[in-house]
file query_18.pdb (PDB, N, CA and C atoms)
ATOM      1  N   MET A 287       8.947  31.251   1.219
ATOM      2  CA  MET A 287       8.015  30.169   1.369
ATOM      3  C   MET A 287       7.208  30.022   0.086
ATOM      4  N   VAL A 288       7.116  28.829  -0.389
ATOM      5  CA  VAL A 288       6.362  28.565  -1.607
ATOM      6  C   VAL A 288       4.909  28.300  -1.232
ATOM      7  N   VAL A 289       3.999  29.008  -1.882
ATOM      8  CA  VAL A 289       2.580  28.854  -1.591
ATOM      9  C   VAL A 289       1.875  28.478  -2.893
ATOM     10  N   PHE A 290       1.453  27.228  -2.984
ATOM     11  CA  PHE A 290       0.775  26.766  -4.187
ATOM     12  C   PHE A 290      -0.728  26.961  -4.112
ATOM     13  N   VAL A 291      -1.332  26.710  -2.962
ATOM     14  CA  VAL A 291      -2.780  26.732  -2.829
ATOM     15  C   VAL A 291      -3.342  28.122  -3.090
ATOM     16  N   ARG A 292      -2.676  29.133  -2.619
ATOM     17  CA  ARG A 292      -3.180  30.505  -2.734
ATOM     18  C   ARG A 292      -3.501  30.878  -4.182
ATOM     19  N   ASN A 293      -2.781  30.302  -5.134
ATOM     20  CA  ASN A 293      -2.929  30.704  -6.532
ATOM     21  C   ASN A 293      -3.582  29.653  -7.428
ATOM     22  N   ILE A 294      -4.223  28.651  -6.853
ATOM     23  CA  ILE A 294      -4.732  27.565  -7.710
ATOM     24  C   ILE A 294      -5.851  28.002  -8.656
ATOM     25  N   LEU A 295      -6.529  29.084  -8.377
ATOM     26  CA  LEU A 295      -7.601  29.522  -9.263
ATOM     27  C   LEU A 295      -7.086  30.224 -10.509
ATOM     28  N   THR A 296      -5.846  30.699 -10.469
ATOM     29  CA  THR A 296      -5.322  31.497 -11.581
ATOM     30  C   THR A 296      -4.057  30.936 -12.221
ATOM     31  N   HIS A 297      -3.414  29.970 -11.587
ATOM     32  CA  HIS A 297      -2.156  29.444 -12.108
ATOM     33  C   HIS A 297      -2.267  27.930 -12.338
ATOM     34  N   PRO A 298      -2.340  27.512 -13.589
ATOM     35  CA  PRO A 298      -2.476  26.083 -13.892
ATOM     36  C   PRO A 298      -1.354  25.210 -13.329
ATOM     37  N   VAL A 299      -0.138  25.730 -13.280
ATOM     38  CA  VAL A 299       0.975  24.938 -12.740
ATOM     39  C   VAL A 299       0.772  24.692 -11.244
ATOM     40  N   ASP A 300       0.256  25.675 -10.526
ATOM     41  CA  ASP A 300      -0.043  25.487  -9.104
ATOM     42  C   ASP A 300      -1.160  24.465  -8.918
ATOM     43  N   GLN A 301      -2.159  24.482  -9.810
ATOM     44  CA  GLN A 301      -3.222  23.471  -9.755
ATOM     45  C   GLN A 301      -2.646  22.068  -9.895
ATOM     46  N   ILE A 302      -1.808  21.888 -10.889
ATOM     47  CA  ILE A 302      -1.195  20.569 -11.133
ATOM     48  C   ILE A 302      -0.318  20.164  -9.961
ATOM     49  N   THR A 303       0.401  21.105  -9.387
ATOM     50  CA  THR A 303       1.283  20.814  -8.259
ATOM     51  C   THR A 303       0.482  20.342  -7.050
ATOM     52  N   VAL A 304      -0.580  21.065  -6.707
ATOM     53  CA  VAL A 304      -1.407  20.697  -5.556
ATOM     54  C   VAL A 304      -2.075  19.344  -5.781
ATOM     55  N   LYS A 305      -2.615  19.147  -6.972
ATOM     56  CA  LYS A 305      -3.266  17.868  -7.290
ATOM     57  C   LYS A 305      -2.265  16.718  -7.193
ATOM     58  N   SER A 306      -1.068  16.913  -7.709
ATOM     59  CA  SER A 306      -0.035  15.868  -7.665
ATOM     60  C   SER A 306       0.376  15.540  -6.234
ATOM     61  N   ILE A 307       0.551  16.570  -5.422
ATOM     62  CA  ILE A 307       0.914  16.346  -4.018
ATOM     63  C   ILE A 307      -0.181  15.555  -3.316
ATOM     64  N   ALA A 308      -1.445  15.917  -3.567
ATOM     65  CA  ALA A 308      -2.558  15.195  -2.951
ATOM     66  C   ALA A 308      -2.596  13.736  -3.406
ATOM     67  N   GLU A 309      -2.340  13.493  -4.679
ATOM     68  CA  GLU A 309      -2.349  12.124  -5.199
ATOM     69  C   GLU A 309      -1.206  11.290  -4.616
ATOM     70  N   ILE A 310      -0.035  11.879  -4.516
ATOM     71  CA  ILE A 310       1.115  11.173  -3.940
ATOM     72  C   ILE A 310       0.855  10.856  -2.473
ATOM     73  N   ALA A 311       0.352  11.837  -1.733
ATOM     74  CA  ALA A 311       0.046  11.618  -0.319
ATOM     75  C   ALA A 311      -0.982  10.505  -0.153
ATOM     76  N   SER A 312      -2.008  10.516  -0.981
ATOM     77  CA  SER A 312      -3.039   9.478  -0.915
ATOM     78  C   SER A 312      -2.449   8.102  -1.186
ATOM     79  N   ALA A 313      -1.592   7.998  -2.180
ATOM     80  CA  ALA A 313      -0.952   6.724  -2.513
ATOM     81  C   ALA A 313      -0.080   6.217  -1.367
ATOM     82  N   MET A 314       0.439   7.139  -0.571
ATOM     83  CA  MET A 314       1.285   6.778   0.564
ATOM     84  C   MET A 314       0.484   6.582   1.847
ATOM     85  N   GLY A 315      -0.833   6.772   1.762
ATOM     86  CA  GLY A 315      -1.680   6.636   2.942
ATOM     87  C   GLY A 315      -1.611   7.829   3.882
ATOM     88  N   LEU A 316      -1.217   8.977   3.352
ATOM     89  CA  LEU A 316      -1.087  10.194   4.158
ATOM     90  C   LEU A 316      -2.255  11.138   3.899
ATOM     91  N   GLU A 317      -2.513  12.020   4.840
ATOM     92  CA  GLU A 317      -3.525  13.046   4.680
ATOM     93  C   GLU A 317      -2.854  14.366   4.335
ATOM     94  N   THR A 318      -3.617  15.272   3.722
ATOM     95  CA  THR A 318      -3.068  16.563   3.325
ATOM     96  C   THR A 318      -3.876  17.697   3.945
ATOM     97  N   VAL A 319      -3.206  18.834   4.166
ATOM     98  CA  VAL A 319      -3.844  20.040   4.682
ATOM     99  C   VAL A 319      -3.496  21.188   3.741
ATOM    100  N   ALA A 320      -4.507  21.846   3.206
ATOM    101  CA  ALA A 320      -4.303  23.010   2.349
ATOM    102  C   ALA A 320      -4.508  24.265   3.187
ATOM    103  N   GLU A 321      -3.543  25.159   3.130
ATOM    104  CA  GLU A 321      -3.642  26.442   3.820
ATOM    105  C   GLU A 321      -3.998  27.525   2.806
ATOM    106  N   PHE A 322      -4.418  28.680   3.297
ATOM    107  CA  PHE A 322      -4.760  29.833   2.459
ATOM    108  C   PHE A 322      -5.979  29.568   1.581
ATOM    109  N   VAL A 323      -6.927  28.771   2.061
ATOM    110  CA  VAL A 323      -8.155  28.507   1.318
ATOM    111  C   VAL A 323      -9.093  29.680   1.574
ATOM    112  N   GLU A 324      -9.341  30.473   0.530
ATOM    113  CA  GLU A 324     -10.024  31.747   0.721
ATOM    114  C   GLU A 324     -11.386  31.859   0.051
ATOM    115  N   SER A 325     -11.871  30.794  -0.588
ATOM    116  CA  SER A 325     -13.185  30.875  -1.224
ATOM    117  C   SER A 325     -13.797  29.481  -1.347
ATOM    118  N   GLU A 326     -15.099  29.471  -1.572
ATOM    119  CA  GLU A 326     -15.811  28.206  -1.762
ATOM    120  C   GLU A 326     -15.331  27.504  -3.036
ATOM    121  N   THR A 327     -14.975  28.290  -4.032
ATOM    122  CA  THR A 327     -14.446  27.720  -5.277
ATOM    123  C   THR A 327     -13.168  26.945  -5.007
ATOM    124  N   MET A 328     -12.311  27.494  -4.162
ATOM    125  CA  MET A 328     -11.071  26.801  -3.805
ATOM    126  C   MET A 328     -11.373  25.529  -3.020
ATOM    127  N   VAL A 329     -12.339  25.598  -2.107
ATOM    128  CA  VAL A 329     -12.728  24.421  -1.326
ATOM    129  C   VAL A 329     -13.156  23.299  -2.266
ATOM    130  N   THR A 330     -13.994  23.640  -3.235
ATOM    131  CA  THR A 330     -14.482  22.637  -4.189
ATOM    132  C   THR A 330     -13.343  22.044  -5.012
ATOM    133  N   MET A 331     -12.459  22.890  -5.503
ATOM    134  CA  MET A 331     -11.339  22.420  -6.310
ATOM    135  C   MET A 331     -10.439  21.492  -5.496
ATOM    136  N   LEU A 332     -10.132  21.878  -4.264
ATOM    137  CA  LEU A 332      -9.272  21.065  -3.411
ATOM    138  C   LEU A 332      -9.928  19.723  -3.093
ATOM    139  N   ALA A 333     -11.231  19.724  -2.867
ATOM    140  CA  ALA A 333     -11.953  18.469  -2.623
ATOM    141  C   ALA A 333     -11.877  17.579  -3.855
ATOM    142  N   ASP A 334     -12.023  18.161  -5.032
ATOM    143  CA  ASP A 334     -11.908  17.393  -6.277
ATOM    144  C   ASP A 334     -10.510  16.806  -6.443
ATOM    145  N   PHE A 335      -9.515  17.507  -5.947
ATOM    146  CA  PHE A 335      -8.126  17.031  -6.031
ATOM    147  C   PHE A 335      -7.828  15.938  -5.004
ATOM    148  N   GLY A 336      -8.703  15.785  -4.004
ATOM    149  CA  GLY A 336      -8.490  14.778  -2.975
ATOM    150  C   GLY A 336      -7.765  15.277  -1.743
ATOM    151  N   VAL A 337      -7.678  16.590  -1.577
ATOM    152  CA  VAL A 337      -7.058  17.151  -0.377
ATOM    153  C   VAL A 337      -7.940  16.820   0.823
ATOM    154  N   THR A 338      -7.327  16.401   1.923
ATOM    155  CA  THR A 338      -8.063  15.908   3.081
ATOM    156  C   THR A 338      -8.645  17.019   3.945
ATOM    157  N   TYR A 339      -7.865  18.039   4.246
ATOM    158  CA  TYR A 339      -8.270  19.118   5.146
ATOM    159  C   TYR A 339      -7.938  20.465   4.510
ATOM    160  N   ALA A 340      -8.686  21.501   4.940
ATOM    161  CA  ALA A 340      -8.408  22.849   4.465
ATOM    162  C   ALA A 340      -8.561  23.831   5.613
ATOM    163  N   GLN A 341      -7.795  24.900   5.554
ATOM    164  CA  GLN A 341      -7.922  25.966   6.531
ATOM    165  C   GLN A 341      -7.711  27.295   5.821
ATOM    166  N   GLY A 342      -8.374  28.299   6.320
ATOM    167  CA  GLY A 342      -8.253  29.623   5.740
ATOM    168  C   GLY A 342      -9.569  30.363   5.840
ATOM    169  N   TYR A 343      -9.607  31.602   5.349
ATOM    170  CA  TYR A 343     -10.790  32.445   5.461
ATOM    171  C   TYR A 343     -11.984  31.869   4.707
ATOM    172  N   GLY A 344     -11.769  31.027   3.709
ATOM    173  CA  GLY A 344     -12.867  30.380   3.002
ATOM    174  C   GLY A 344     -13.567  29.341   3.853
ATOM    175  N   ILE A 345     -12.932  28.914   4.924
ATOM    176  CA  ILE A 345     -13.505  27.939   5.854
ATOM    177  C   ILE A 345     -14.076  28.670   7.064
ATOM    178  N   ALA A 346     -13.251  29.464   7.711
ATOM    179  CA  ALA A 346     -13.667  30.239   8.882
ATOM    180  C   ALA A 346     -12.602  31.282   9.184
ATOM    181  N   HIS A 347     -13.034  32.359   9.794
ATOM    182  CA  HIS A 347     -12.089  33.390  10.220
ATOM    183  C   HIS A 347     -11.494  32.992  11.573
ATOM    184  N   PRO A 348     -10.276  33.433  11.849
ATOM    185  CA  PRO A 348      -9.659  33.109  13.139
ATOM    186  C   PRO A 348     -10.502  33.632  14.299
ATOM    187  N   GLU A 349     -10.478  32.896  15.376
ATOM    188  CA  GLU A 349     -11.185  33.294  16.589
ATOM    189  C   GLU A 349     -10.227  33.219  17.766
ATOM    190  N   PRO A 350     -10.494  33.999  18.798
ATOM    191  CA  PRO A 350      -9.635  33.944  19.978
ATOM    192  C   PRO A 350      -9.631  32.538  20.581
ATOM    193  N   LEU A 351      -8.506  32.118  21.053
ATOM    194  CA  LEU A 351      -8.377  30.805  21.668
ATOM    195  C   LEU A 351      -9.334  30.648  22.843
ATOM    196  N   SER A 352      -9.611  31.745  23.525
ATOM    197  CA  SER A 352     -10.517  31.682  24.679
ATOM    198  C   SER A 352     -11.901  31.181  24.286
ATOM    199  N   GLN A 353     -12.319  31.377  23.038
ATOM    200  CA  GLN A 353     -13.613  30.882  22.582
ATOM    201  C   GLN A 353     -13.673  29.360  22.613
ATOM    202  N   PHE A 354     -12.554  28.701  22.413
ATOM    203  CA  PHE A 354     -12.509  27.247  22.351
ATOM    204  C   PHE A 354     -12.276  26.615  23.736
ATOM    205  N   LEU A 355     -11.862  27.418  24.695
ATOM    206  CA  LEU A 355     -11.563  26.902  26.023
ATOM    207  C   LEU A 355     -12.754  26.976  26.970
ATOM    208  N   LYS A 356     -13.873  27.512  26.497
ATOM    209  CA  LYS A 356     -15.069  27.629  27.340
ATOM    210  C   LYS A 356     -15.805  26.312  27.438
TER     211      LYS A 356
END

call {"tool": "encode", "arguments": {"input": "query_18.pdb", "output": "structure tokens"}}
result
Amino acid sequence: MVVFVRNILTHPVDQITVKSIAEIASAMGLETVAEFVESETMVTMLADFGVTYAQGYGIAHPEPLSQFLK
């Protein structure tokens, strides 16, 4: 599995890849979801790139499903 988001802080090619995917999706009227977002710095970078949604430890830690069913 190719993971671009995980390395965007240290790999310029991954940064360009994620930004390009976000731009293409936006031009097509699509939304994007970034996985493996592990820090506030990544959140900011992804927002600057135009990524629509993010998930990962930088957003919130996983919680039991039962917490959401109450």

call {"tool": "residues_around", "arguments": {"input": "query_18.pdb", "residues": "Asp300 of chain A", "least_positions_apart": "6", "cutoff": "8 Å", "atoms": "all atoms listed in the file", "output": "list in words"}}
result
Val289, Phe290, Val291, Arg292, Asn293, Ile294 and Ser306 of chain A

call {"tool": "atom_distance", "arguments": {"input": "query_18.pdb", "atom1": "atom C of Gln341 of chain A", "atom2": "atom CA of Glu321 of chain A"}}
result
4.6 Å

call {"tool": "atom_distance", "arguments": {"input": "query_18.pdb", "atom1": "atom CA of His297 of chain A", "atom2": "atom CA of Glu324 of chain A"}}
result
15.2 Å

call {"tool": "select_by_dssp", "arguments": {"input": "query_18.pdb", "residues": "chain A", "states": "alpha helix (DSSP H)", "output": "PyMOL selection string"}}
result
chain A and resi 298-313+326-335+351-354

call {"tool": "atom_distance", "arguments": {"input": "query_18.pdb", "atom1": "atom N of Thr318 of chain A", "atom2": "atom N of Val337 of chain A"}}
result
6.8 Å

call {"tool": "resolve_selection", "arguments": {"input": "query_18.pdb", "expression": "the PyMOL selection byres ((chain A and resi 308) around 7)", "output": "PyMOL selection string"}}
result
chain A and resi 303-307+309-313+318+335-338

call {"tool": "axis_aligned_box", "arguments": {"input": "query_18.pdb", "around": "segment 306-312 of chain A", "padding_each_side": "8 Å", "output": "JSON"}}
result
{"center_x": -1.0, "center_y": 12.5, "center_z": -3.9, "size_x": 20.2, "size_y": 24.8, "size_z": 23.6}

call {"tool": "residues_around", "arguments": {"input": "query_18.pdb", "residues": "Gly342 of chain A", "least_positions_apart": "4", "cutoff": "8 Å", "atoms": "all atoms listed in the file", "output": "PyMOL selection string"}}
result
chain A and resi 320-325+346-348

call {"tool": "closest_residue", "arguments": {"input": "query_18.pdb", "among": "A:Met331, A:Lys356, A:Ala340, A:Glu349", "to": "Ile302 of chain A", "atoms": "only C-alpha atoms"}}
result
A:Met331

call {"tool": "select_by_dssp", "arguments": {"input": "query_18.pdb", "residues": "segment 296-354 of chain A", "states": "strand (DSSP E or B)", "output": "VMD selection string"}}
result
chain A and resid 319 to 320 339 to 340
